[in-house]
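Shown next: run11.txt, containing compact mmCIF, C-alpha atoms.
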# COMPACT_ATOMS: atom_id res chain seq x y z
CA MET A 1 -22.70 -3.74 -0.18
CA ASN A 2 -26.43 -3.46 0.66
CA PHE A 3 -26.70 -1.74 4.04
CA CYS A 4 -25.11 1.21 5.85
CA THR A 5 -22.59 0.16 8.50
CA GLU A 6 -23.54 3.11 10.69
CA CYS A 7 -27.37 3.23 10.66
CA GLY A 8 -28.39 -0.05 8.98
CA ALA A 9 -30.48 1.65 6.26
CA GLN A 10 -30.15 0.75 2.58
CA VAL A 11 -27.30 2.04 0.46
CA VAL A 12 -27.59 3.01 -3.20
CA GLN A 13 -24.86 3.64 -5.74
CA ARG A 14 -24.53 7.22 -6.89
CA ILE A 15 -21.82 9.76 -7.71
CA PRO A 16 -21.48 12.20 -4.79
CA ASP A 17 -21.02 15.95 -5.36
CA LEU A 18 -17.47 16.86 -6.48
CA ASP A 19 -16.74 13.18 -7.10
CA ASP A 20 -16.44 11.38 -10.42
CA ARG A 21 -17.26 7.79 -9.60
CA LEU A 22 -20.05 5.67 -8.15
CA ARG A 23 -19.96 5.19 -4.39
CA HIS A 24 -22.22 3.36 -1.98
CA VAL A 25 -24.24 6.11 -0.25
CA CYS A 26 -26.70 5.60 2.60
CA VAL A 27 -30.26 6.72 1.74
CA ALA A 28 -30.95 7.61 5.40
CA CYS A 29 -27.82 9.14 6.96
CA GLY A 30 -26.03 10.06 3.72
CA MET A 31 -22.75 8.41 4.68
CA ILE A 32 -20.49 7.70 1.72
CA HIS A 33 -18.90 4.26 1.98
CA TYR A 34 -15.62 4.37 0.08
CA GLN A 35 -14.04 1.11 -0.99
CA ASN A 36 -10.30 1.03 -1.53
CA PRO A 37 -7.62 -1.50 -2.43
CA LYS A 38 -6.28 -3.80 0.25
CA VAL A 39 -2.58 -4.12 0.99
CA ILE A 40 -0.92 -7.51 1.14
CA VAL A 41 2.45 -7.42 2.90
CA GLY A 42 4.99 -10.17 2.40
CA LEU A 43 8.61 -11.08 2.87
CA LEU A 44 11.29 -13.01 1.00
CA PRO A 45 13.30 -14.66 3.82
CA THR A 46 16.79 -15.87 2.97
CA TRP A 47 19.25 -18.04 4.88
CA GLN A 48 22.77 -18.63 3.62
CA GLY A 49 21.80 -18.44 -0.03
CA LYS A 50 18.51 -20.33 0.29
CA VAL A 51 14.95 -18.95 0.22
CA LEU A 52 12.26 -19.90 2.75
CA LEU A 53 8.92 -21.02 1.30
CA CYS A 54 5.68 -22.18 2.92
CA LYS A 55 3.35 -24.88 1.60
CA ARG A 56 -0.18 -23.54 2.03
CA ALA A 57 -2.50 -25.35 4.45
CA ILE A 58 -5.47 -23.17 3.44
CA GLU A 59 -7.43 -22.31 0.31
CA PRO A 60 -6.91 -20.78 -2.15
CA ARG A 61 -4.03 -22.83 -3.58
CA LEU A 62 -3.91 -25.35 -0.76
CA GLY A 63 -0.73 -27.45 -1.09
CA LYS A 64 1.09 -24.90 -3.25
CA TRP A 65 4.24 -23.05 -2.19
CA THR A 66 4.33 -19.36 -1.34
CA LEU A 67 6.36 -16.68 0.35
CA PRO A 68 4.92 -15.59 3.70
CA ALA A 69 2.36 -12.84 3.02
CA GLY A 70 -1.06 -11.66 4.11
CA PHE A 71 -3.36 -8.71 4.59
CA MET A 72 -1.85 -5.73 6.35
CA GLU A 73 -3.72 -5.04 9.59
CA ASN A 74 -4.95 -1.74 11.01
CA GLY A 75 -2.52 -0.33 13.56
CA GLU A 76 0.63 -1.76 12.04
CA ALA A 77 3.34 -0.54 9.69
CA ALA A 78 3.88 -2.42 6.41
CA GLU A 79 7.25 -3.84 7.39
CA GLN A 80 5.88 -4.87 10.78
CA GLY A 81 3.04 -6.69 8.99
CA ALA A 82 5.49 -8.49 6.72
CA ARG A 83 7.47 -9.66 9.76
CA ARG A 84 4.24 -10.73 11.52
CA GLU A 85 3.16 -12.85 8.54
CA THR A 86 6.62 -14.41 8.36
CA MET A 87 6.47 -15.35 12.03
CA GLU A 88 2.87 -16.62 11.80
CA GLU A 89 3.26 -18.71 8.66
CA ALA A 90 6.92 -19.74 8.83
CA GLY A 91 8.00 -19.25 12.47
CA ALA A 92 10.95 -17.23 11.21
CA ALA A 93 12.46 -14.02 12.62
CA ILE A 94 14.23 -11.73 10.19
CA ALA A 95 17.26 -9.54 10.86
CA GLN A 96 17.47 -6.35 8.73
CA THR A 97 14.72 -5.98 6.12
CA TYR A 98 14.70 -4.04 2.85
CA ILE A 99 11.67 -2.92 0.89
CA TYR A 100 11.92 -4.76 -2.40
CA ARG A 101 8.82 -5.00 -4.56
CA GLU A 102 5.47 -3.32 -5.07
CA PHE A 103 2.94 -5.19 -7.21
CA ASP A 104 -0.46 -3.95 -8.33
CA ILE A 105 -3.32 -6.26 -9.18
CA PRO A 106 -6.02 -3.70 -9.97
CA ALA A 107 -8.46 -6.33 -11.27
CA ILE A 108 -8.90 -7.60 -7.71
CA ASN A 109 -8.18 -4.32 -5.88
CA GLN A 110 -4.97 -5.55 -4.29
CA ILE A 111 -1.55 -4.04 -3.83
CA TYR A 112 1.41 -6.10 -2.62
CA LEU A 113 4.41 -4.76 -0.73
CA PHE A 114 7.27 -7.21 -0.35
CA TYR A 115 10.38 -6.94 1.81
CA ARG A 116 13.45 -9.15 1.75
CA GLY A 117 15.79 -10.03 4.57
CA GLU A 118 18.20 -12.60 5.94
CA MET A 119 16.76 -14.72 8.73
CA ALA A 120 18.01 -13.94 12.24
CA SER A 121 18.78 -17.65 12.75
CA ALA A 122 18.23 -21.00 11.04
CA ASP A 123 15.00 -21.49 13.07
CA PHE A 124 11.67 -21.85 11.35
CA CYS A 125 8.53 -23.96 11.68
CA ALA A 126 5.15 -24.38 9.99
CA GLY A 127 2.44 -22.09 11.36
CA VAL A 128 -1.26 -23.04 11.32
CA GLU A 129 -1.67 -21.78 7.75
CA SER A 130 1.28 -23.85 6.47
CA LEU A 131 1.56 -27.61 5.89
CA GLU A 132 5.34 -27.40 5.64
CA VAL A 133 8.08 -24.77 5.54
CA ALA A 134 11.43 -25.34 3.85
CA LEU A 135 14.58 -23.64 2.57
CA PHE A 136 15.23 -23.92 -1.17
CA ASP A 137 18.30 -23.39 -3.30
CA GLU A 138 17.55 -21.59 -6.55
CA ALA A 139 17.87 -24.87 -8.48
CA ASP A 140 15.24 -26.52 -6.29
CA ILE A 141 12.51 -23.84 -6.32
CA PRO A 142 9.22 -25.62 -7.18
CA TRP A 143 8.38 -23.16 -9.99
CA HIS A 144 5.37 -25.17 -11.17
CA GLU A 145 4.03 -25.61 -7.67
CA LEU A 146 4.01 -21.94 -6.62
CA ALA A 147 0.69 -20.62 -5.32
CA PHE A 148 0.49 -17.24 -7.06
CA PRO A 149 2.04 -15.56 -10.11
CA VAL A 150 3.41 -12.73 -7.94
CA MET A 151 5.46 -15.34 -6.09
CA SER A 152 7.03 -16.59 -9.34
CA ASP A 153 7.73 -12.99 -10.33
CA ILE A 154 9.40 -11.91 -7.14
CA LEU A 155 11.50 -15.09 -6.88
CA ALA A 156 12.66 -14.83 -10.51
CA GLU A 157 13.51 -11.15 -9.97
CA TYR A 158 15.31 -11.94 -6.74
CA PHE A 159 17.61 -14.52 -8.33
CA GLU A 160 18.22 -12.17 -11.27
CA ASP A 161 19.11 -9.35 -8.85
CA ARG A 162 21.33 -11.65 -6.83
CA ARG A 163 23.34 -12.49 -9.93
CA SER A 164 23.72 -8.79 -10.80
CA GLY A 165 24.38 -7.82 -7.16
CA VAL A 166 21.87 -4.94 -7.39
CA PHE A 167 18.65 -5.28 -5.41
CA GLY A 168 16.71 -2.31 -6.76
CA MET A 169 13.16 -1.54 -5.67
CA ARG A 170 10.73 -2.65 -8.37
CA SER A 171 7.20 -1.41 -8.81
CA GLY A 172 4.24 -2.08 -11.05
CA GLU A 173 1.99 -4.81 -12.31
CA PRO A 174 3.27 -8.38 -12.31
CA ASN A 175 4.75 -9.85 -15.47
CA TYR A 176 2.02 -12.45 -15.50
CA LEU A 177 -1.51 -11.22 -16.14
CA VAL A 178 -3.07 -14.26 -14.46
CA LEU A 179 -5.06 -13.21 -11.40
CA ALA A 180 -3.73 -14.04 -7.98
CA THR A 181 -6.90 -15.64 -6.63
CA MET B 182 -19.32 -0.22 12.55
CA ASN B 183 -22.78 -1.18 13.82
CA PHE B 184 -24.51 -3.09 11.03
CA CYS B 185 -23.66 -5.81 8.50
CA THR B 186 -23.18 -4.47 4.98
CA GLU B 187 -24.65 -7.64 3.49
CA CYS B 188 -27.77 -8.42 5.55
CA GLY B 189 -28.29 -5.29 7.69
CA ALA B 190 -28.24 -7.17 11.01
CA GLN B 191 -26.16 -6.06 13.98
CA VAL B 192 -22.44 -6.73 14.18
CA VAL B 193 -20.54 -7.54 17.35
CA GLN B 194 -16.82 -7.57 18.01
CA ARG B 195 -15.30 -10.98 18.60
CA ILE B 196 -12.20 -12.98 17.72
CA PRO B 197 -13.08 -15.46 14.94
CA ASP B 198 -11.74 -19.02 14.98
CA LEU B 199 -8.07 -19.27 13.95
CA ASP B 200 -7.76 -15.49 14.28
CA ASP B 201 -6.03 -13.51 17.02
CA ARG B 202 -7.76 -10.14 16.96
CA LEU B 203 -11.19 -8.62 17.34
CA ARG B 204 -13.23 -8.33 14.15
CA HIS B 205 -16.70 -7.04 13.43
CA VAL B 206 -18.82 -10.17 12.91
CA CYS B 207 -22.49 -10.25 11.87
CA VAL B 208 -24.77 -11.90 14.44
CA ALA B 209 -27.14 -13.06 11.70
CA CYS B 210 -25.15 -14.14 8.62
CA GLY B 211 -21.78 -14.56 10.34
CA MET B 212 -19.86 -12.44 7.84
CA ILE B 213 -16.52 -11.20 9.16
CA HIS B 214 -15.94 -7.54 8.25
CA TYR B 215 -12.19 -7.01 8.09
CA GLN B 216 -10.88 -3.47 8.30
CA ASN B 217 -7.51 -2.71 6.76
CA PRO B 218 -5.24 0.29 6.21
CA LYS B 219 -5.98 2.63 3.35
CA VAL B 220 -3.38 3.54 0.75
CA ILE B 221 -2.66 7.18 -0.09
CA VAL B 222 -0.80 7.58 -3.39
CA GLY B 223 1.09 10.75 -4.19
CA LEU B 224 3.67 12.25 -6.48
CA LEU B 225 6.54 14.69 -6.25
CA PRO B 226 6.41 16.51 -9.62
CA THR B 227 9.53 18.36 -10.72
CA TRP B 228 10.16 20.80 -13.54
CA GLN B 229 13.64 22.05 -14.35
CA GLY B 230 14.83 21.89 -10.74
CA LYS B 231 11.62 23.16 -9.15
CA VAL B 232 8.96 21.20 -7.26
CA LEU B 233 5.22 21.55 -7.90
CA LEU B 234 3.05 22.14 -4.83
CA CYS B 235 -0.71 22.65 -4.38
CA LYS B 236 -2.39 24.98 -1.90
CA ARG B 237 -5.30 23.03 -0.43
CA ALA B 238 -8.85 24.28 -1.13
CA ILE B 239 -10.37 21.70 1.22
CA GLU B 240 -10.15 20.64 4.84
CA PRO B 241 -8.13 19.37 6.58
CA ARG B 242 -5.36 21.95 6.34
CA LEU B 243 -7.20 24.31 4.02
CA GLY B 244 -4.77 26.94 2.71
CA LYS B 245 -1.67 24.85 3.40
CA TRP B 246 0.69 23.53 0.72
CA THR B 247 0.95 19.88 -0.21
CA LEU B 248 2.19 17.48 -2.87
CA PRO B 249 -0.61 16.00 -4.96
CA ALA B 250 -1.88 12.89 -3.15
CA GLY B 251 -5.09 11.08 -2.30
CA PHE B 252 -6.73 7.76 -1.61
CA MET B 253 -5.91 4.98 -4.07
CA GLU B 254 -9.09 3.82 -5.83
CA ASN B 255 -10.29 0.30 -6.53
CA GLY B 256 -9.41 -0.81 -10.04
CA GLU B 257 -6.23 1.22 -10.38
CA ALA B 258 -2.52 0.61 -9.92
CA ALA B 259 -0.66 2.73 -7.35
CA GLU B 260 1.37 4.65 -9.92
CA GLN B 261 -1.75 5.25 -11.97
CA GLY B 262 -3.46 6.65 -8.87
CA ALA B 263 -0.53 8.96 -8.17
CA ARG B 264 -0.73 10.28 -11.75
CA ARG B 265 -4.51 10.69 -11.43
CA GLU B 266 -4.19 12.74 -8.24
CA THR B 267 -1.50 14.89 -9.87
CA MET B 268 -3.75 15.60 -12.83
CA GLU B 269 -6.83 16.23 -10.64
CA GLU B 270 -5.17 18.52 -8.11
CA ALA B 271 -2.43 20.16 -10.16
CA GLY B 272 -3.39 19.68 -13.82
CA ALA B 273 0.07 18.26 -14.45
CA ALA B 274 1.10 15.30 -16.62
CA ILE B 275 4.27 13.47 -15.63
CA ALA B 276 6.79 11.81 -17.93
CA GLN B 277 8.66 8.82 -16.42
CA THR B 278 7.85 8.12 -12.76
CA TYR B 279 9.93 6.37 -10.09
CA ILE B 280 8.67 4.84 -6.86
CA TYR B 281 10.31 6.84 -4.13
CA ARG B 282 8.87 6.65 -0.63
CA GLU B 283 6.67 4.45 1.52
CA PHE B 284 5.40 5.97 4.76
CA ASP B 285 3.40 4.21 7.47
CA ILE B 286 1.10 6.03 9.84
CA PRO B 287 -0.26 3.08 11.83
CA ALA B 288 -2.03 5.32 14.37
CA ILE B 289 -4.52 6.31 11.67
CA ASN B 290 -4.34 3.13 9.57
CA GLN B 291 -2.77 4.82 6.56
CA ILE B 292 0.07 3.88 4.27
CA TYR B 293 1.52 6.37 1.76
CA LEU B 294 3.22 5.47 -1.51
CA PHE B 295 4.96 8.36 -3.26
CA TYR B 296 6.41 8.51 -6.74
CA ARG B 297 8.59 11.22 -8.24
CA GLY B 298 8.86 12.36 -11.82
CA GLU B 299 9.67 15.22 -14.15
CA MET B 300 6.62 16.92 -15.62
CA ALA B 301 5.91 16.19 -19.27
CA SER B 302 5.64 19.95 -19.93
CA ALA B 303 5.50 23.24 -18.03
CA ASP B 304 1.68 23.06 -17.99
CA PHE B 305 -0.22 22.93 -14.73
CA CYS B 306 -3.35 24.45 -13.20
CA ALA B 307 -5.31 24.37 -9.96
CA GLY B 308 -7.89 21.57 -9.77
CA VAL B 309 -11.09 21.87 -7.69
CA GLU B 310 -9.29 20.74 -4.53
CA SER B 311 -6.52 23.35 -4.95
CA LEU B 312 -6.63 27.12 -4.42
CA GLU B 313 -3.37 27.58 -6.25
CA VAL B 314 -0.58 25.50 -7.77
CA ALA B 315 3.01 26.72 -8.12
CA LEU B 316 6.58 25.64 -8.82
CA PHE B 317 9.07 26.24 -6.00
CA ASP B 318 12.85 26.35 -5.88
CA GLU B 319 14.29 24.61 -2.83
CA ALA B 320 15.02 27.98 -1.21
CA ASP B 321 11.38 29.05 -1.56
CA ILE B 322 9.61 25.94 -0.20
CA PRO B 323 7.03 27.16 2.37
CA TRP B 324 8.28 24.78 5.07
CA HIS B 325 6.08 26.28 7.77
CA GLU B 326 3.02 26.29 5.57
CA LEU B 327 3.07 22.62 4.53
CA ALA B 328 -0.13 20.69 5.17
CA PHE B 329 1.21 17.42 6.59
CA PRO B 330 4.43 16.17 8.22
CA VAL B 331 4.87 13.52 5.53
CA MET B 332 5.13 16.34 2.99
CA SER B 333 7.95 18.02 4.93
CA ASP B 334 9.68 14.65 5.22
CA ILE B 335 9.54 13.70 1.59
CA LEU B 336 10.57 17.18 0.40
CA ALA B 337 13.53 17.29 2.80
CA GLU B 338 14.58 13.80 1.72
CA TYR B 339 14.21 14.73 -1.94
CA PHE B 340 16.51 17.75 -1.70
CA GLU B 341 18.99 15.68 0.32
CA ASP B 342 18.91 12.95 -2.33
CA ARG B 343 19.28 15.50 -5.11
CA ARG B 344 22.45 16.83 -3.55
CA SER B 345 23.88 13.31 -3.21
CA GLY B 346 22.63 12.28 -6.66
CA VAL B 347 21.19 9.02 -5.29
CA PHE B 348 17.41 8.68 -5.17
CA GLY B 349 17.04 5.48 -3.17
CA MET B 350 13.67 4.06 -2.19
CA ARG B 351 12.90 4.86 1.44
CA SER B 352 10.42 3.06 3.64
CA GLY B 353 9.05 3.30 7.16
CA GLU B 354 7.42 5.69 9.55
CA PRO B 355 7.88 9.43 9.04
CA ASN B 356 10.54 11.30 10.95
CA TYR B 357 7.85 13.39 12.60
CA LEU B 358 5.54 11.59 14.97
CA VAL B 359 2.82 14.21 14.59
CA LEU B 360 -0.28 12.68 13.01
CA ALA B 361 -1.17 13.57 9.48
CA THR B 362 -4.77 14.56 10.18

Take the structure in the file and give it back as structure tokens.
Amino acid sequence: MNFCTECGAQVVQRIPDLDDRLRHVCVACGMIHYQNPKVIVGLLPTWQGKVLLCKRAIEPRLGKWTLPAGFMENGEAAEQGARRETMEEAGAAIAQTYIYREFDIPAINQIYLFYRGEMASADFCAGVESLEVALFDEADIPWHELAFPVMSDILAEYFEDRRSGVFGMRSGEPNYLVLAT
Amino acid sequence: MNFCTECGAQVVQRIPDLDDRLRHVCVACGMIHYQNPKVIVGLLPTWQGKVLLCKRAIEPRLGKWTLPAGFMENGEAAEQGARRETMEEAGAAIAQTYIYREFDIPAINQIYLFYRGEMASADFCAGVESLEVALFDEADIPWHELAFPVMSDILAEYFEDRRSGVFGMRSGEPNYLVLAT
């Protein structure tokens, strides 16, 4: 960040009064420009025992498989954002959803909130950000062709939970320390 | 937003290619400035059946009671942020934490993630943003002096869960539609 969004003057990094960390502060109008983590909302759609995955049509990880997910938008609730991404990327509507997983990736200032839910029908289709969308049995999950470590984590946890019959909310950093970008 | 953070030129609002909503876009360098919800992380600290609350020393809602909470910072995990706010505002260390509540307030582009946990000891003290910090039995909670509706919600849900013995993760918009600012 080089310039103030409000007045266009230069910003410098300094620690404001009563604060304890460097912020971008405008030299002219004094505005403090806080930077905070971004929320990625996603969904694990299921249909009669299978899981719906999307093959990415965009970078990063073009051609790799992922669960529908994307940046939460202003003006929406997290669950609403997860449903929106699922419709945009996979053309799938979901019946009841359940909050399921929170992941932190502090190294890249991201926090993921994942829901799970059975699809409202067998309908799905590839959105503009997907090359292909398909339902997978556990045995057929393309583990080595998944786009991001958080996707491997949540899928592995989901199948583990399904065997135990208990779908508890999980929270924290992913098992894999590889970055998601 | 009036000016580009990177080059200082003017920004205009337009819908970028392959997008479906207005974004701030720089007329000179073309950078798209996405704006996304901010995460507030908080904690419901307990000690031997009581709940720890802070009386706010800052606006908004100066003089009203709240659970420790604040904006999640870049470079931290959500649970780590909730612990940080609890230490800053209430001088309290927490033993084991559990993710407990997700609230959406889309009207003001905020998402809240609350944890709960027993304090590591009986020690606490007012931080610079608190006038006073105190432990409350359920019967003594200052319901009409709470700072924000989400605080009433999570406290009511907590006591309800404590009676049932089941502390399930809850997610969604608050029961009260009053805004939190």

Give the answer as one residue: which of B:Val232, B:Asn255, B:Gly189, B:Arg195 has the shortest atom-to-atom distance to Gln35 (chain A), using all atoms listed in the file?
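Ranking B:Val232, B:Asn255, B:Gly189, B:Arg195 by distance to Gln35 (chain A), first place goes to B:Asn255.
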
Find the residues in chain B near chain A: any atom within 7 Å counts, using all atoms listed in the file. Write them as a compact mmCIF listing (two decimals) with C-alpha atoms, keeping the file's coordinate frame.
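Listing of result-v6.txt after writing:
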# COMPACT_ATOMS: atom_id res chain seq x y z
CA MET B 182 -19.32 -0.22 12.55
CA ASN B 183 -22.78 -1.18 13.82
CA PHE B 184 -24.51 -3.09 11.03
CA CYS B 185 -23.66 -5.81 8.50
CA THR B 186 -23.18 -4.47 4.98
CA GLU B 187 -24.65 -7.64 3.49
CA CYS B 188 -27.77 -8.42 5.55
CA GLY B 189 -28.29 -5.29 7.69
CA GLN B 216 -10.88 -3.47 8.30
CA ASN B 217 -7.51 -2.71 6.76
CA PRO B 218 -5.24 0.29 6.21
CA LYS B 219 -5.98 2.63 3.35
CA MET B 253 -5.91 4.98 -4.07
CA GLU B 254 -9.09 3.82 -5.83
CA ASN B 255 -10.29 0.30 -6.53
CA GLY B 256 -9.41 -0.81 -10.04
CA GLU B 257 -6.23 1.22 -10.38
CA ALA B 258 -2.52 0.61 -9.92
CA ALA B 259 -0.66 2.73 -7.35
CA ILE B 280 8.67 4.84 -6.86
CA ASP B 285 3.40 4.21 7.47
CA ILE B 286 1.10 6.03 9.84
CA PRO B 287 -0.26 3.08 11.83
CA ALA B 288 -2.03 5.32 14.37
CA ASN B 290 -4.34 3.13 9.57
CA MET B 350 13.67 4.06 -2.19
CA SER B 352 10.42 3.06 3.64

Residue list as a PyMOL selection string for point (2.0, 21.6, -10.5), cut-off 7 Å, only C-alpha atoms:
chain B and resi 226+233-235+271-273+305-306+314-316

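What separates CA of Ser311 (chain B) from CA of Pro330 (chain B) is a distance of 18.6 Å.
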
In the coordinate frame of the file, compute which residues have an atom within 12 Å of (-21.8, 12.4, -5.5) when using all atoms listed in the file, and state them as JSON, numbers by chain.
{"A": [12, 13, 14, 15, 16, 17, 18, 19, 20, 21, 22, 23, 24, 25, 26, 30, 31, 32, 33, 34]}

Write out as a CSV table (one decimal) with C-alpha atoms, keeping the file's coordinate frame each polymer residue whose atoms come within 12 Å of Trp143 (chain A), counting all atoms listed in the file; drop sequence neighbours fewer than 6 positions from it.
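Result file is result.csv:
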chain,number,residue,atom,x,y,z
A,53,LEU,CA,8.9,-21.0,1.3
A,64,LYS,CA,1.1,-24.9,-3.2
A,65,TRP,CA,4.2,-23.0,-2.2
A,66,THR,CA,4.3,-19.4,-1.3
A,136,PHE,CA,15.2,-23.9,-1.2
A,137,ASP,CA,18.3,-23.4,-3.3
A,149,PRO,CA,2.0,-15.6,-10.1
A,150,VAL,CA,3.4,-12.7,-7.9
A,151,MET,CA,5.5,-15.3,-6.1
A,152,SER,CA,7.0,-16.6,-9.3
A,153,ASP,CA,7.7,-13.0,-10.3
A,154,ILE,CA,9.4,-11.9,-7.1
A,155,LEU,CA,11.5,-15.1,-6.9
A,156,ALA,CA,12.7,-14.8,-10.5

Taking all atoms listed in the file into account, name the residue in A:Ala28, A:Thr46, A:Pro68, A:Glu88 that is nearest to Arg162 (chain A).
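Once distances to Arg162 (chain A) are computed over all atoms listed in the file, the minimum belongs to A:Thr46.
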
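For the pair CA of Gly70 (chain A) and CA of Met87 (chain A), the interatomic distance is 11.5 Å.
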
Just give me the gap between CA of Ala238 (chain B) and CA of Arg297 (chain B) in Å, one decimal is fine.
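It comes out at 22.9 Å.
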
Return as JSON the box centre and box size in Å, one decimal, for an axis-aligned box around all listed atoms of region 222-229 of chain B padded by 3 Å per side.
{"center_x": 6.4, "center_y": 14.8, "center_z": -8.9, "size_x": 20.4, "size_y": 20.5, "size_z": 17.0}

Residue neighbourhood Ile275 (chain B), 10 Å, all atoms listed in the file, exclusion window fewer than 6 positions, as an MDAnalysis selection string:
chainID B and resid 224:228 263:264 267:268 297:302

For region 36-55 of chain A, which lacks atoms in the input, supply N, CA and C atoms and format the output as an mmCIF file, keeping the file's coordinate frame.
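Output saved as result19.cif:
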data_model
loop_
_atom_site.group_PDB
_atom_site.id
_atom_site.type_symbol
_atom_site.label_atom_id
_atom_site.label_comp_id
_atom_site.auth_asym_id
_atom_site.auth_seq_id
_atom_site.Cartn_x
_atom_site.Cartn_y
_atom_site.Cartn_z
ATOM 1 N N ASN A 36 -11.663 0.792 -1.049
ATOM 2 C CA ASN A 36 -10.300 1.030 -1.530
ATOM 3 C C ASN A 36 -9.520 -0.273 -1.579
ATOM 4 N N PRO A 37 -8.422 -0.271 -2.330
ATOM 5 C CA PRO A 37 -7.620 -1.500 -2.430
ATOM 6 C C PRO A 37 -7.083 -1.952 -1.072
ATOM 7 N N LYS A 38 -6.867 -3.238 -0.964
ATOM 8 C CA LYS A 38 -6.280 -3.800 0.250
ATOM 9 C C LYS A 38 -4.801 -4.091 0.003
ATOM 10 N N VAL A 39 -4.026 -3.914 1.074
ATOM 11 C CA VAL A 39 -2.580 -4.120 0.990
ATOM 12 C C VAL A 39 -2.226 -5.507 1.501
ATOM 13 N N ILE A 40 -1.494 -6.247 0.690
ATOM 14 C CA ILE A 40 -0.920 -7.510 1.140
ATOM 15 C C ILE A 40 0.580 -7.273 1.373
ATOM 16 N N VAL A 41 1.037 -7.592 2.572
ATOM 17 C CA VAL A 41 2.450 -7.420 2.900
ATOM 18 C C VAL A 41 3.103 -8.795 2.964
ATOM 19 N N GLY A 42 4.305 -8.886 2.426
ATOM 20 C CA GLY A 42 4.990 -10.170 2.400
ATOM 21 C C GLY A 42 6.490 -10.000 2.539
ATOM 22 N N LEU A 43 7.174 -11.122 2.628
ATOM 23 C CA LEU A 43 8.610 -11.080 2.870
ATOM 24 C C LEU A 43 9.281 -12.251 2.153
ATOM 25 N N LEU A 44 10.469 -11.977 1.635
ATOM 26 C CA LEU A 44 11.290 -13.010 1.000
ATOM 27 C C LEU A 44 12.444 -13.290 1.976
ATOM 28 N N PRO A 45 12.288 -14.355 2.808
ATOM 29 C CA PRO A 45 13.300 -14.660 3.820
ATOM 30 C C PRO A 45 14.428 -15.491 3.201
ATOM 31 N N THR A 46 15.651 -15.114 3.490
ATOM 32 C CA THR A 46 16.790 -15.870 2.970
ATOM 33 C C THR A 46 17.631 -16.378 4.143
ATOM 34 N N TRP A 47 18.320 -17.490 3.886
ATOM 35 C CA TRP A 47 19.250 -18.040 4.880
ATOM 36 C C TRP A 47 20.408 -18.700 4.146
ATOM 37 N N GLN A 48 21.559 -18.076 4.218
ATOM 38 C CA GLN A 48 22.770 -18.630 3.620
ATOM 39 C C GLN A 48 22.554 -19.078 2.169
ATOM 40 N N GLY A 49 21.961 -18.186 1.398
ATOM 41 C CA GLY A 49 21.800 -18.440 -0.030
ATOM 42 C C GLY A 49 20.521 -19.167 -0.416
ATOM 43 N N LYS A 50 19.770 -19.641 0.584
ATOM 44 C CA LYS A 50 18.510 -20.330 0.290
ATOM 45 C C LYS A 50 17.324 -19.393 0.579
ATOM 46 N N VAL A 51 16.170 -19.734 0.016
ATOM 47 C CA VAL A 51 14.950 -18.950 0.220
ATOM 48 C C VAL A 51 13.933 -19.803 0.974
ATOM 49 N N LEU A 52 13.242 -19.179 1.931
ATOM 50 C CA LEU A 52 12.260 -19.900 2.750
ATOM 51 C C LEU A 52 10.873 -19.821 2.117
ATOM 52 N N LEU A 53 10.271 -20.972 1.861
ATOM 53 C CA LEU A 53 8.920 -21.020 1.300
ATOM 54 C C LEU A 53 7.997 -21.818 2.218
ATOM 55 N N CYS A 54 6.702 -21.502 2.117
ATOM 56 C CA CYS A 54 5.680 -22.180 2.920
ATOM 57 C C CYS A 54 4.724 -22.924 1.980
ATOM 58 N N LYS A 55 4.372 -24.138 2.352
ATOM 59 C CA LYS A 55 3.350 -24.880 1.600
ATOM 60 C C LYS A 55 2.005 -24.583 2.255
#
